[in-house]
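Below is entry.cif, holding mmCIF, C-alpha atoms and all ligand atoms.
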data_target
loop_
_atom_site.label_atom_id
_atom_site.label_comp_id
_atom_site.auth_asym_id
_atom_site.auth_seq_id
_atom_site.Cartn_x
_atom_site.Cartn_y
_atom_site.Cartn_z
CA MET I 1 -27.18 30.29 11.96
CA LYS I 2 -29.09 29.14 8.90
CA LYS I 3 -32.66 29.90 7.96
CA ILE I 4 -34.30 26.53 7.37
CA LEU I 5 -37.73 25.67 6.01
CA ILE I 6 -39.23 22.30 6.97
CA THR I 7 -42.38 21.32 5.12
CA GLY I 8 -44.43 18.77 7.00
CA GLY I 9 -42.80 20.23 10.13
CA SER I 10 -45.60 19.34 12.53
CA GLY I 11 -45.65 15.66 11.54
CA PHE I 12 -43.79 12.80 13.21
CA LEU I 13 -40.39 13.20 11.55
CA GLY I 14 -40.83 16.91 10.83
CA SER I 15 -41.37 17.79 14.48
CA HIS I 16 -38.22 15.91 15.51
CA LEU I 17 -36.26 17.70 12.78
CA CYS I 18 -37.63 21.13 13.84
CA LYS I 19 -36.59 20.50 17.45
CA ARG I 20 -33.12 19.26 16.54
CA LEU I 21 -32.31 22.12 14.14
CA HIS I 22 -33.76 24.71 16.52
CA ARG I 23 -31.65 23.27 19.34
CA GLU I 24 -28.58 23.66 17.12
CA GLY I 25 -29.28 27.40 16.95
CA HIS I 26 -30.87 27.73 13.52
CA GLN I 27 -33.90 29.76 12.55
CA VAL I 28 -36.64 27.25 11.75
CA ILE I 29 -39.76 27.84 9.69
CA CYS I 30 -42.18 24.95 10.15
CA LEU I 31 -44.75 24.71 7.39
CA ASP I 32 -47.72 22.36 7.57
CA ASN I 33 -51.44 22.22 6.86
CA ASN I 34 -51.90 19.71 9.70
CA TYR I 35 -53.55 17.14 7.42
CA THR I 36 -51.68 14.45 9.35
CA GLY I 37 -49.38 16.72 11.37
CA ASN I 38 -50.41 18.13 14.72
CA LEU I 39 -49.50 21.36 16.51
CA ALA I 40 -49.20 19.38 19.74
CA ASN I 41 -46.02 17.82 18.28
CA ILE I 42 -44.33 21.23 18.19
CA SER I 43 -45.96 22.80 21.26
CA SER I 44 -42.56 23.06 22.98
CA LEU I 45 -41.31 25.30 20.16
CA ILE I 46 -44.27 27.45 19.35
CA LYS I 47 -43.32 30.42 21.57
CA GLU I 48 -39.59 30.13 20.98
CA GLU I 49 -37.55 32.77 19.22
CA ARG I 50 -36.06 31.56 15.94
CA PHE I 51 -39.17 29.41 15.38
CA GLN I 52 -42.15 30.17 13.20
CA PHE I 53 -45.13 28.00 12.33
CA VAL I 54 -46.83 28.72 9.01
CA GLU I 55 -50.10 27.01 8.16
CA HIS I 56 -49.91 26.32 4.45
CA ASP I 57 -50.79 23.61 1.93
CA ILE I 58 -47.62 22.87 -0.06
CA ARG I 59 -49.71 22.14 -3.16
CA GLU I 60 -49.72 25.96 -3.38
CA PRO I 61 -46.50 27.93 -4.12
CA VAL I 62 -44.50 29.46 -1.25
CA GLU I 63 -42.38 32.59 -0.81
CA PHE I 64 -39.65 32.69 1.85
CA GLU I 65 -36.03 33.70 2.16
CA VAL I 66 -34.24 30.54 3.21
CA ASP I 67 -30.84 28.84 3.07
CA GLU I 68 -32.07 25.24 3.29
CA ILE I 69 -35.29 23.36 2.66
CA TYR I 70 -36.31 19.93 3.96
CA ASN I 71 -39.36 18.74 2.01
CA LEU I 72 -41.16 16.26 4.25
CA ALA I 73 -44.78 17.22 3.59
CA CYS I 74 -46.88 14.18 2.62
CA PRO I 75 -49.11 11.72 4.46
CA ALA I 76 -46.80 8.73 4.97
CA SER I 77 -48.59 5.82 6.64
CA PRO I 78 -50.50 3.45 4.32
CA PRO I 79 -53.98 4.18 5.80
CA HIS I 80 -53.33 7.94 5.74
CA TYR I 81 -51.90 8.16 2.24
CA GLN I 82 -54.64 5.91 0.87
CA LEU I 83 -57.41 8.01 2.42
CA ASP I 84 -57.38 10.47 -0.46
CA PRO I 85 -54.99 9.15 -3.14
CA LEU I 86 -55.36 12.20 -5.39
CA TYR I 87 -54.39 14.46 -2.51
CA THR I 88 -51.31 12.28 -1.86
CA ILE I 89 -50.24 12.41 -5.51
CA GLU I 90 -50.70 16.18 -5.66
CA THR I 91 -48.89 16.77 -2.39
CA SER I 92 -45.94 14.67 -3.55
CA TYR I 93 -45.64 16.19 -7.00
CA LEU I 94 -46.72 19.80 -6.41
CA GLY I 95 -44.97 19.90 -3.05
CA ALA I 96 -41.70 18.85 -4.70
CA LYS I 97 -42.22 21.35 -7.53
CA ASN I 98 -43.10 24.27 -5.25
CA THR I 99 -40.19 23.66 -2.89
CA LEU I 100 -37.78 23.21 -5.81
CA GLU I 101 -38.95 26.52 -7.27
CA LEU I 102 -38.30 28.14 -3.90
CA ALA I 103 -34.84 26.56 -3.76
CA LYS I 104 -34.13 27.90 -7.25
CA LYS I 105 -35.14 31.46 -6.31
CA ASN I 106 -33.10 31.41 -3.09
CA ASN I 107 -30.19 29.37 -4.36
CA ALA I 108 -30.95 27.18 -1.36
CA LYS I 109 -29.98 23.59 -0.67
CA ILE I 110 -32.96 21.25 -0.72
CA LEU I 111 -33.52 17.75 0.63
CA GLN I 112 -36.35 15.50 -0.48
CA ALA I 113 -37.77 12.97 1.98
CA SER I 114 -38.22 9.97 -0.28
CA THR I 115 -39.00 6.47 0.86
CA SER I 116 -38.22 2.78 0.72
CA GLU I 117 -41.65 2.53 -0.94
CA VAL I 118 -39.94 3.51 -4.21
CA TYR I 119 -38.70 -0.12 -4.19
CA GLY I 120 -42.31 -1.38 -4.00
CA ASP I 121 -42.57 -5.08 -3.10
CA PRO I 122 -38.85 -5.65 -3.71
CA GLN I 123 -37.45 -8.64 -5.55
CA VAL I 124 -33.90 -7.73 -4.54
CA HIS I 125 -32.87 -8.10 -0.92
CA PRO I 126 -31.52 -6.06 0.81
CA GLN I 127 -32.40 -3.00 -1.23
CA THR I 128 -29.52 -0.94 -2.61
CA GLU I 129 -30.02 2.48 -4.16
CA GLN I 130 -29.16 0.96 -7.55
CA TYR I 131 -32.28 -1.22 -7.49
CA TRP I 132 -35.09 0.28 -9.60
CA GLY I 133 -37.87 -1.32 -7.65
CA HIS I 134 -40.99 -3.37 -8.22
CA VAL I 135 -43.99 -1.06 -7.96
CA ASN I 136 -47.55 -1.72 -9.06
CA PRO I 137 -48.41 1.61 -10.75
CA ILE I 138 -52.16 1.13 -10.41
CA GLY I 139 -52.35 -0.52 -6.98
CA PRO I 140 -53.57 1.04 -3.71
CA ARG I 141 -50.04 2.05 -2.67
CA ALA I 142 -49.21 3.67 -6.02
CA CYS I 143 -50.40 7.15 -5.03
CA TYR I 144 -47.56 7.29 -2.52
CA ASP I 145 -44.96 5.09 -4.25
CA GLU I 146 -45.32 6.73 -7.65
CA GLY I 147 -45.78 10.18 -6.07
CA LYS I 148 -42.43 9.78 -4.35
CA ARG I 149 -40.82 8.32 -7.49
CA ILE I 150 -41.86 11.25 -9.68
CA SER I 151 -40.66 13.63 -6.95
CA GLU I 152 -37.22 12.01 -7.15
CA THR I 153 -37.33 12.42 -10.93
CA LEU I 154 -38.27 16.07 -10.54
CA PHE I 155 -35.42 16.62 -8.10
CA VAL I 156 -32.74 15.14 -10.33
CA ASN I 157 -34.03 17.07 -13.34
CA TYR I 158 -34.08 20.42 -11.48
CA GLN I 159 -30.55 19.62 -10.40
CA ARG I 160 -29.44 18.86 -13.97
CA ARG I 161 -31.21 21.83 -15.51
CA PHE I 162 -30.70 24.56 -12.89
CA SER I 163 -27.69 23.24 -10.91
CA ILE I 164 -29.64 23.37 -7.66
CA GLN I 165 -28.01 21.57 -4.74
CA THR I 166 -30.43 18.70 -4.21
CA LYS I 167 -30.31 15.74 -1.83
CA ILE I 168 -32.58 12.70 -1.75
CA ILE I 169 -32.94 10.48 1.30
CA ARG I 170 -34.85 7.18 1.08
CA ILE I 171 -36.39 6.65 4.49
CA PHE I 172 -37.08 3.11 5.72
CA ASN I 173 -39.59 2.28 8.47
CA THR I 174 -38.99 4.69 11.34
CA TYR I 175 -40.58 4.74 14.78
CA GLY I 176 -40.39 6.65 18.04
CA PRO I 177 -42.15 9.20 20.23
CA PHE I 178 -44.60 11.54 18.46
CA MET I 179 -45.76 8.90 16.00
CA HIS I 180 -49.40 9.60 15.19
CA PRO I 181 -51.35 7.23 17.47
CA GLU I 182 -53.94 6.55 14.78
CA ASP I 183 -51.82 6.38 11.65
CA GLY I 184 -52.15 2.59 11.59
CA ARG I 185 -48.45 1.84 11.49
CA VAL I 186 -47.34 -1.41 12.96
CA VAL I 187 -45.16 -0.16 15.83
CA SER I 188 -47.68 2.37 17.16
CA ASN I 189 -50.63 -0.01 16.61
CA PHE I 190 -48.96 -2.87 18.47
CA ILE I 191 -47.74 -0.72 21.38
CA ILE I 192 -51.14 0.90 21.89
CA GLN I 193 -52.94 -2.45 21.61
CA ALA I 194 -50.53 -4.08 24.07
CA LEU I 195 -50.83 -1.21 26.56
CA LYS I 196 -54.63 -1.43 26.42
CA GLY I 197 -54.62 -5.22 26.74
CA GLU I 198 -56.25 -5.57 23.33
CA ASN I 199 -55.27 -8.24 20.81
CA LEU I 200 -52.42 -7.31 18.49
CA THR I 201 -53.60 -7.32 14.88
CA ILE I 202 -51.11 -9.06 12.59
CA TYR I 203 -51.97 -8.66 8.92
CA GLY I 204 -51.23 -11.87 7.00
CA ASP I 205 -49.31 -14.61 8.81
CA GLY I 206 -46.73 -12.19 10.23
CA SER I 207 -43.84 -13.64 8.21
CA GLN I 208 -43.38 -10.39 6.25
CA THR I 209 -40.34 -8.43 7.40
CA ARG I 210 -39.45 -4.83 8.14
CA SER I 211 -36.31 -3.16 9.49
CA PHE I 212 -37.08 -0.52 12.10
CA CYS I 213 -35.04 2.64 12.58
CA TYR I 214 -35.32 4.76 15.73
CA VAL I 215 -36.25 8.35 14.94
CA ASP I 216 -33.13 10.00 16.41
CA ASP I 217 -30.89 7.87 14.17
CA LEU I 218 -32.98 8.79 11.15
CA ILE I 219 -32.84 12.53 11.89
CA GLU I 220 -29.06 12.33 12.34
CA GLY I 221 -28.73 10.67 8.91
CA MET I 222 -30.97 13.24 7.30
CA ILE I 223 -28.98 16.19 8.67
CA ARG I 224 -25.69 14.55 7.69
CA LEU I 225 -26.95 14.19 4.14
CA MET I 226 -28.03 17.84 4.02
CA ASN I 227 -24.60 18.91 5.33
CA SER I 228 -22.63 16.58 3.04
CA SER I 229 -20.48 17.91 0.21
CA SER I 230 -22.26 19.06 -2.94
CA ASN I 231 -21.29 15.98 -4.98
CA ILE I 232 -23.28 13.76 -2.58
CA THR I 233 -26.81 14.10 -3.90
CA GLY I 234 -28.25 10.66 -3.20
CA PRO I 235 -30.59 8.92 -3.30
CA ILE I 236 -29.20 7.48 -0.08
CA ASN I 237 -30.96 4.84 2.03
CA ILE I 238 -31.32 5.69 5.70
CA GLY I 239 -32.68 2.94 7.90
CA ASN I 240 -31.70 0.25 10.34
CA PRO I 241 -30.73 -2.98 8.53
CA ASN I 242 -31.71 -5.26 11.45
CA GLU I 243 -34.65 -7.16 10.00
CA PHE I 244 -37.55 -8.66 11.95
CA THR I 245 -40.73 -10.48 11.00
CA ILE I 246 -43.92 -8.71 12.04
CA LYS I 247 -44.67 -11.69 14.29
CA GLU I 248 -41.34 -11.24 16.06
CA LEU I 249 -42.15 -7.57 16.56
CA ALA I 250 -45.55 -8.41 18.07
CA GLU I 251 -43.98 -10.92 20.48
CA LYS I 252 -41.25 -8.47 21.49
CA ILE I 253 -43.77 -5.73 22.27
CA ILE I 254 -46.04 -8.05 24.27
CA ALA I 255 -43.03 -9.23 26.28
CA LYS I 256 -41.63 -5.73 26.86
CA ILE I 257 -44.94 -4.42 28.14
CA ASN I 258 -45.63 -7.66 30.00
CA SER I 259 -49.06 -7.38 28.43
CA SER I 260 -51.97 -9.79 28.73
CA SER I 261 -52.73 -9.26 25.01
CA SER I 262 -52.66 -12.08 22.51
CA ILE I 263 -52.38 -12.00 18.72
CA THR I 264 -55.10 -12.11 16.05
CA PHE I 265 -54.47 -12.58 12.36
CA GLN I 266 -56.23 -10.45 9.74
CA GLU I 267 -56.08 -10.27 5.97
CA LEU I 268 -52.84 -8.98 4.45
CA PRO I 269 -53.51 -5.68 2.60
CA LYS I 270 -53.04 -5.75 -1.18
CA ASP I 271 -49.48 -5.15 -2.41
CA ASP I 272 -48.09 -5.20 1.14
CA PRO I 273 -44.32 -5.66 0.65
CA LEU I 274 -43.17 -9.08 1.89
CA GLN I 275 -39.68 -8.03 2.89
CA ARG I 276 -37.77 -4.82 3.40
CA LYS I 277 -34.24 -4.16 4.58
CA PRO I 278 -31.96 -1.30 3.60
CA ASP I 279 -28.44 -1.73 2.31
CA ILE I 280 -26.77 1.23 4.04
CA SER I 281 -23.28 0.94 2.53
CA LEU I 282 -23.61 4.33 0.82
CA ALA I 283 -24.68 6.11 4.02
CA LYS I 284 -21.75 4.52 5.85
CA LYS I 285 -19.30 5.51 3.14
CA HIS I 286 -20.47 9.05 2.29
CA LEU I 287 -22.03 10.21 5.57
CA ASN I 288 -20.07 8.09 8.05
CA TRP I 289 -23.53 7.20 9.41
CA HIS I 290 -24.93 4.07 10.92
CA PRO I 291 -27.83 3.56 13.34
CA GLU I 292 -26.92 3.45 17.02
CA ILE I 293 -30.20 2.64 18.74
CA GLU I 294 -31.36 -0.93 18.40
CA LEU I 295 -34.96 -2.10 18.51
CA GLU I 296 -35.03 -3.12 22.19
CA GLN I 297 -33.90 0.29 23.39
CA GLY I 298 -35.97 2.24 20.86
CA LEU I 299 -39.10 0.30 21.75
CA GLU I 300 -38.61 1.16 25.44
CA LYS I 301 -38.49 4.89 24.66
CA THR I 302 -41.53 4.62 22.38
CA ILE I 303 -43.53 2.58 24.91
CA GLU I 304 -42.78 5.23 27.56
CA TYR I 305 -44.13 7.92 25.22
CA PHE I 306 -47.37 6.07 24.49
CA LYS I 307 -47.85 5.23 28.17
CA GLN I 308 -47.98 8.97 28.90
CA LYS I 309 -50.12 9.63 25.87
CA ILE I 310 -52.99 7.16 26.45
N1 LIG I 401 -49.12 -4.42 10.05
C1 LIG I 401 -49.71 -5.38 10.86
N2 LIG I 401 -50.60 -4.94 11.80
C2 LIG I 401 -50.89 -3.64 12.00
C3 LIG I 401 -50.27 -2.68 11.18
C4 LIG I 401 -49.40 -3.11 10.20
O1 LIG I 401 -49.47 -6.57 10.74
O2 LIG I 401 -51.70 -3.33 12.91
C5 LIG I 401 -48.14 -4.88 9.04
C6 LIG I 401 -48.38 -4.35 7.63
O3 LIG I 401 -49.28 -5.19 6.91
C7 LIG I 401 -46.98 -4.39 7.06
C8 LIG I 401 -46.08 -4.09 8.27
O4 LIG I 401 -46.87 -4.39 9.39
O5 LIG I 401 -46.66 -5.67 6.58
C9 LIG I 401 -45.60 -2.67 8.33
O6 LIG I 401 -46.72 -1.83 8.19
P1 LIG I 401 -46.67 -0.25 8.36
O7 LIG I 401 -48.03 0.26 8.05
O8 LIG I 401 -46.10 0.13 9.68
O9 LIG I 401 -45.62 0.27 7.29
P2 LIG I 401 -45.24 -0.13 5.79
O10 LIG I 401 -43.87 -0.67 5.90
O11 LIG I 401 -46.20 -1.17 5.27
O12 LIG I 401 -45.33 1.13 5.04
#
This entry written out as structure tokens:
Amino acid sequence: MKKILITGGSGFLGSHLCKRLHREGHQVICLDNNYTGNLANISSLIKEERFQFVEHDIREPVEFEVDEIYNLACPASPPHYQLDPLYTIETSYLGAKNTLELAKKNNAKILQASTSEVYGDPQVHPQTEQYWGHVNPIGPRACYDEGKRISETLFVNYQRRFSIQTKIIRIFNTYGPFMHPEDGRVVSNFIIQALKGENLTIYGDGSQTRSFCYVDDLIEGMIRLMNSSSNITGPINIGNPNEFTIKELAEKIIAKINSSSSITFQELPKDDPLQRKPDISLAKKHLNWHPEIELEQGLEKTIEYFKQKI
């Protein structure tokens, strides 16, 4: 049994990670200030032994005795992270610094949840970890993109200076149950709109692409990276390389729900990446990982969740 701290533990990915690691028999400390997380996501755990929820803002230092740290705390959907850009920057940078300091004190292994957003609006396709990206440093997405980039830089420099065991995962678009219904992401937006019979809102002409990873696959990849040998530090892309246009996604969801909704087109947000698809060769090679749940099946599970929810 390991003692594991998960920052951002009551968010979408964090709550899945808490449940999985708790199920495996570990002691889990879930830390969150519920800025975008929600206690309802971890309600099944709250009274369990080996589980502790700590309300804390990771911009402030933390003191725990732990063996492993997963640093997930940060608003992650574009509308949420753009709500208060300074908060997003501080959470990324100070959160990484405070959790790295904790790892240093405890000699703990630490994993940083980074993002495909470090590639910006990519000019290389698919994106390999070697690609340095194409980020507008002063655009509306920069608070998140640059926040996550400097966090990666901090991680590799703590590793070089203090020999801490660090791991960096670059997470591509992920979906599934317990997504925040109002975080404005495309999968949750479209499913909720289709279930309510409202028009699906495509931004731009819908020709931009994303590659959608089901949450269970993502969590499996994240845990494999944490448990990998010490020479595997990443960054490693984790995502599903099957690429779809946003229009294809809208049509799939309407068909799956057999919804009466149609599609409306709205303005494309500034700096919205036109294409995104992970190259997952490294994850396959070093972690023996590949996604197992394809979009059709994952959408069914997610639609079931939102049907109950609304
Ligand atoms: N999008 C859309 N309609 C929506 C929400 C999002 O067309 O209601 C588009 C968005 O402009 C982007 C893609 O879907 O091109 C994915 O957006 P999301 O916010 O889910 O994640 P991102 O990959 O941009 O971080």
Could you pull the residues within 8 Å of stretch 216-228 of chain I, counting all atoms listed in the file, minus those fewer than 4 positions along the same chain, as a ChimeraX atom specification?
/I:13,16-17,109-111,167,169,171,174,232,238-239,283,286-287,289-293
Neighbours of I:Ile58 within 12 Å (all atoms listed in the file; same-chain residues fewer than 2 positions away dropped), as a PyMOL selection string?
chain I and resi 5-9+30-35+54-56+60-63+71-74+87-88+90-102
Surroundings of ligand LIG 401 (chain I) up to 7 Å, based on all atoms listed in the file, as a VMD selection string:
chain I and resid 77 to 78 173 184 to 187 189 to 190 200 to 204 206 208 to 210 246 268 to 269 272 to 274
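Relative to atom CA of I:Glu296, atom CA of I:Asn240 is found at 12.8 Å.
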Across I:Gly176, I:Gly234, I:Gly147, I:Gly133, the smallest distance to I:Leu86, with all atoms listed in the file counted, is shown by I:Gly147
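By only C-alpha atoms, and with residues fewer than 2 positions from I:Tyr144 along its chain excluded, the set lying at most 7 Å from it is Tyr81, Thr88, Ile89, Arg141, Ala142, Glu146, Gly147 and Lys148 of chain I.
Pairwise distance (atom CA of I:Phe162, atom CA of I:Asn107) equals 9.8 Å.
Atom to atom, atom CA of I:Phe53 and atom CA of I:Ser10 stand 8.7 Å apart.
Proximity to I:Tyr131 at 12 Å, evaluated using all atoms listed in the file and with sequence-adjacent residues fewer than 3 positions away removed, yields Ser116, Val118, Tyr119, Gly120, Asp121, Pro122, Gln123, Val124, His125, Pro126, Gln127, Thr128, His134, Val135, Pro235, Ile236, Asn237, Pro278 and Asp279 of chain I.
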Shortest interatomic distance to I:Gln112 - which of I:Cys143, I:Trp132, I:Gln165, I:Phe64, counting only C-alpha atoms:
I:Gln165
Show me, as a PyMOL selection string, the residues that have an atom within 7 Å of I:Tyr175 when counting all atoms listed in the file, minus same-chain residues fewer than 4 positions from it.
chain I and resi 179+187+212-215
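The residue that comes closest to I:Ala250, out of I:Thr36, I:Leu282, I:Ser15, I:Ile191 and on the basis of all atoms listed in the file, is I:Ile191.
Residue nearest I:Arg160, chosen from I:Ser259, I:Thr233, I:Gln297, I:Ser43 and counting only C-alpha atoms: I:Thr233.
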Stretch 10-16 of chain I: axis-aligned bounding box, 6 Å on each side, centre and edge lengths in Å, one decimal, as AutoDock Vina command-line options:
--center_x -41.9 --center_y 16.1 --center_z 13.2 --size_x 19.4 --size_y 18.5 --size_z 16.7
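Here the question is which of I:Glu182, I:Ser114, I:Ser151, I:Pro137 gets nearest to I:Ile168 using only C-alpha atoms, and that residue is I:Ser114.
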With the input short on atoms, add all heavy atoms back to stretch 33-43 of chain I and write it as a PDB file, in the frame of the given file.
ATOM      1  N   ASN I  33     -49.999  21.937   6.856  1.00  0.00           N
ATOM      2  CA  ASN I  33     -51.440  22.220   6.860  1.00  0.00           C
ATOM      3  C   ASN I  33     -52.168  21.340   7.883  1.00  0.00           C
ATOM      4  O   ASN I  33     -53.394  21.347   7.948  1.00  0.00           O
ATOM      5  CB  ASN I  33     -52.057  22.030   5.462  1.00  0.00           C
ATOM      6  CG  ASN I  33     -51.976  20.584   4.999  1.00  0.00           C
ATOM      7  OD1 ASN I  33     -51.331  19.757   5.630  1.00  0.00           O
ATOM      8  ND2 ASN I  33     -52.635  20.277   3.890  1.00  0.00           N
ATOM      9  N   ASN I  34     -51.369  20.586   8.648  1.00  0.00           N
ATOM     10  CA  ASN I  34     -51.900  19.710   9.700  1.00  0.00           C
ATOM     11  C   ASN I  34     -52.903  18.676   9.199  1.00  0.00           C
ATOM     12  O   ASN I  34     -53.817  18.277   9.914  1.00  0.00           O
ATOM     13  CB  ASN I  34     -52.491  20.538  10.853  1.00  0.00           C
ATOM     14  CG  ASN I  34     -51.396  21.290  11.590  1.00  0.00           C
ATOM     15  OD1 ASN I  34     -50.277  20.801  11.705  1.00  0.00           O
ATOM     16  ND2 ASN I  34     -51.705  22.487  12.056  1.00  0.00           N
ATOM     17  N   TYR I  35     -52.721  18.219   7.970  1.00  0.00           N
ATOM     18  CA  TYR I  35     -53.550  17.140   7.420  1.00  0.00           C
ATOM     19  C   TYR I  35     -53.290  15.870   8.221  1.00  0.00           C
ATOM     20  O   TYR I  35     -54.219  15.185   8.646  1.00  0.00           O
ATOM     21  CB  TYR I  35     -53.200  16.946   5.943  1.00  0.00           C
ATOM     22  CG  TYR I  35     -53.989  15.885   5.204  1.00  0.00           C
ATOM     23  CD1 TYR I  35     -55.232  16.173   4.640  1.00  0.00           C
ATOM     24  CD2 TYR I  35     -53.469  14.600   5.027  1.00  0.00           C
ATOM     25  CE1 TYR I  35     -55.942  15.197   3.936  1.00  0.00           C
ATOM     26  CE2 TYR I  35     -54.164  13.632   4.329  1.00  0.00           C
ATOM     27  CZ  TYR I  35     -55.401  13.937   3.786  1.00  0.00           C
ATOM     28  OH  TYR I  35     -56.099  12.969   3.089  1.00  0.00           O
ATOM     29  N   THR I  36     -52.019  15.545   8.428  1.00  0.00           N
ATOM     30  CA  THR I  36     -51.680  14.450   9.350  1.00  0.00           C
ATOM     31  C   THR I  36     -50.761  14.944  10.470  1.00  0.00           C
ATOM     32  O   THR I  36     -50.570  14.245  11.458  1.00  0.00           O
ATOM     33  CB  THR I  36     -50.985  13.264   8.641  1.00  0.00           C
ATOM     34  OG1 THR I  36     -49.870  13.776   7.897  1.00  0.00           O
ATOM     35  CG2 THR I  36     -51.933  12.549   7.709  1.00  0.00           C
ATOM     36  N   GLY I  37     -50.192  16.122  10.310  1.00  0.00           N
ATOM     37  CA  GLY I  37     -49.380  16.720  11.370  1.00  0.00           C
ATOM     38  C   GLY I  37     -50.279  17.241  12.476  1.00  0.00           C
ATOM     39  O   GLY I  37     -51.506  17.243  12.352  1.00  0.00           O
ATOM     40  N   ASN I  38     -49.632  17.691  13.563  1.00  0.00           N
ATOM     41  CA  ASN I  38     -50.410  18.130  14.720  1.00  0.00           C
ATOM     42  C   ASN I  38     -49.596  19.173  15.479  1.00  0.00           C
ATOM     43  O   ASN I  38     -48.424  18.924  15.792  1.00  0.00           O
ATOM     44  CB  ASN I  38     -50.668  16.903  15.609  1.00  0.00           C
ATOM     45  CG  ASN I  38     -51.671  17.206  16.698  1.00  0.00           C
ATOM     46  OD1 ASN I  38     -51.824  18.361  17.120  1.00  0.00           O
ATOM     47  ND2 ASN I  38     -52.350  16.179  17.151  1.00  0.00           N
ATOM     48  N   LEU I  39     -50.223  20.308  15.795  1.00  0.00           N
ATOM     49  CA  LEU I  39     -49.500  21.360  16.510  1.00  0.00           C
ATOM     50  C   LEU I  39     -48.976  20.880  17.858  1.00  0.00           C
ATOM     51  O   LEU I  39     -47.974  21.404  18.351  1.00  0.00           O
ATOM     52  CB  LEU I  39     -50.407  22.577  16.705  1.00  0.00           C
ATOM     53  CG  LEU I  39     -50.642  23.451  15.465  1.00  0.00           C
ATOM     54  CD1 LEU I  39     -51.462  24.672  15.824  1.00  0.00           C
ATOM     55  CD2 LEU I  39     -49.309  23.874  14.835  1.00  0.00           C
ATOM     56  N   ALA I  40     -49.656  19.898  18.440  1.00  0.00           N
ATOM     57  CA  ALA I  40     -49.200  19.380  19.740  1.00  0.00           C
ATOM     58  C   ALA I  40     -47.763  18.841  19.633  1.00  0.00           C
ATOM     59  O   ALA I  40     -46.998  18.904  20.606  1.00  0.00           O
ATOM     60  CB  ALA I  40     -50.135  18.270  20.221  1.00  0.00           C
ATOM     61  N   ASN I  41     -47.383  18.357  18.458  1.00  0.00           N
ATOM     62  CA  ASN I  41     -46.020  17.820  18.280  1.00  0.00           C
ATOM     63  C   ASN I  41     -44.952  18.898  18.416  1.00  0.00           C
ATOM     64  O   ASN I  41     -43.798  18.590  18.702  1.00  0.00           O
ATOM     65  CB  ASN I  41     -45.877  17.163  16.899  1.00  0.00           C
ATOM     66  CG  ASN I  41     -46.688  15.891  16.772  1.00  0.00           C
ATOM     67  OD1 ASN I  41     -47.117  15.333  17.766  1.00  0.00           O
ATOM     68  ND2 ASN I  41     -46.885  15.439  15.537  1.00  0.00           N
ATOM     69  N   ILE I  42     -45.332  20.151  18.143  1.00  0.00           N
ATOM     70  CA  ILE I  42     -44.330  21.230  18.190  1.00  0.00           C
ATOM     71  C   ILE I  42     -44.677  22.260  19.274  1.00  0.00           C
ATOM     72  O   ILE I  42     -44.191  23.384  19.244  1.00  0.00           O
ATOM     73  CB  ILE I  42     -44.187  21.926  16.815  1.00  0.00           C
ATOM     74  CG1 ILE I  42     -45.566  22.269  16.237  1.00  0.00           C
ATOM     75  CG2 ILE I  42     -43.375  21.081  15.847  1.00  0.00           C
ATOM     76  CD1 ILE I  42     -45.520  23.320  15.165  1.00  0.00           C
ATOM     77  N   SER I  43     -45.506  21.841  20.225  1.00  0.00           N
ATOM     78  CA  SER I  43     -45.960  22.800  21.260  1.00  0.00           C
ATOM     79  C   SER I  43     -44.784  23.359  22.056  1.00  0.00           C
ATOM     80  O   SER I  43     -44.815  24.505  22.487  1.00  0.00           O
ATOM     81  CB  SER I  43     -46.983  22.147  22.193  1.00  0.00           C
ATOM     82  OG  SER I  43     -46.389  21.035  22.803  1.00  0.00           O
TER      83      SER I  43
END
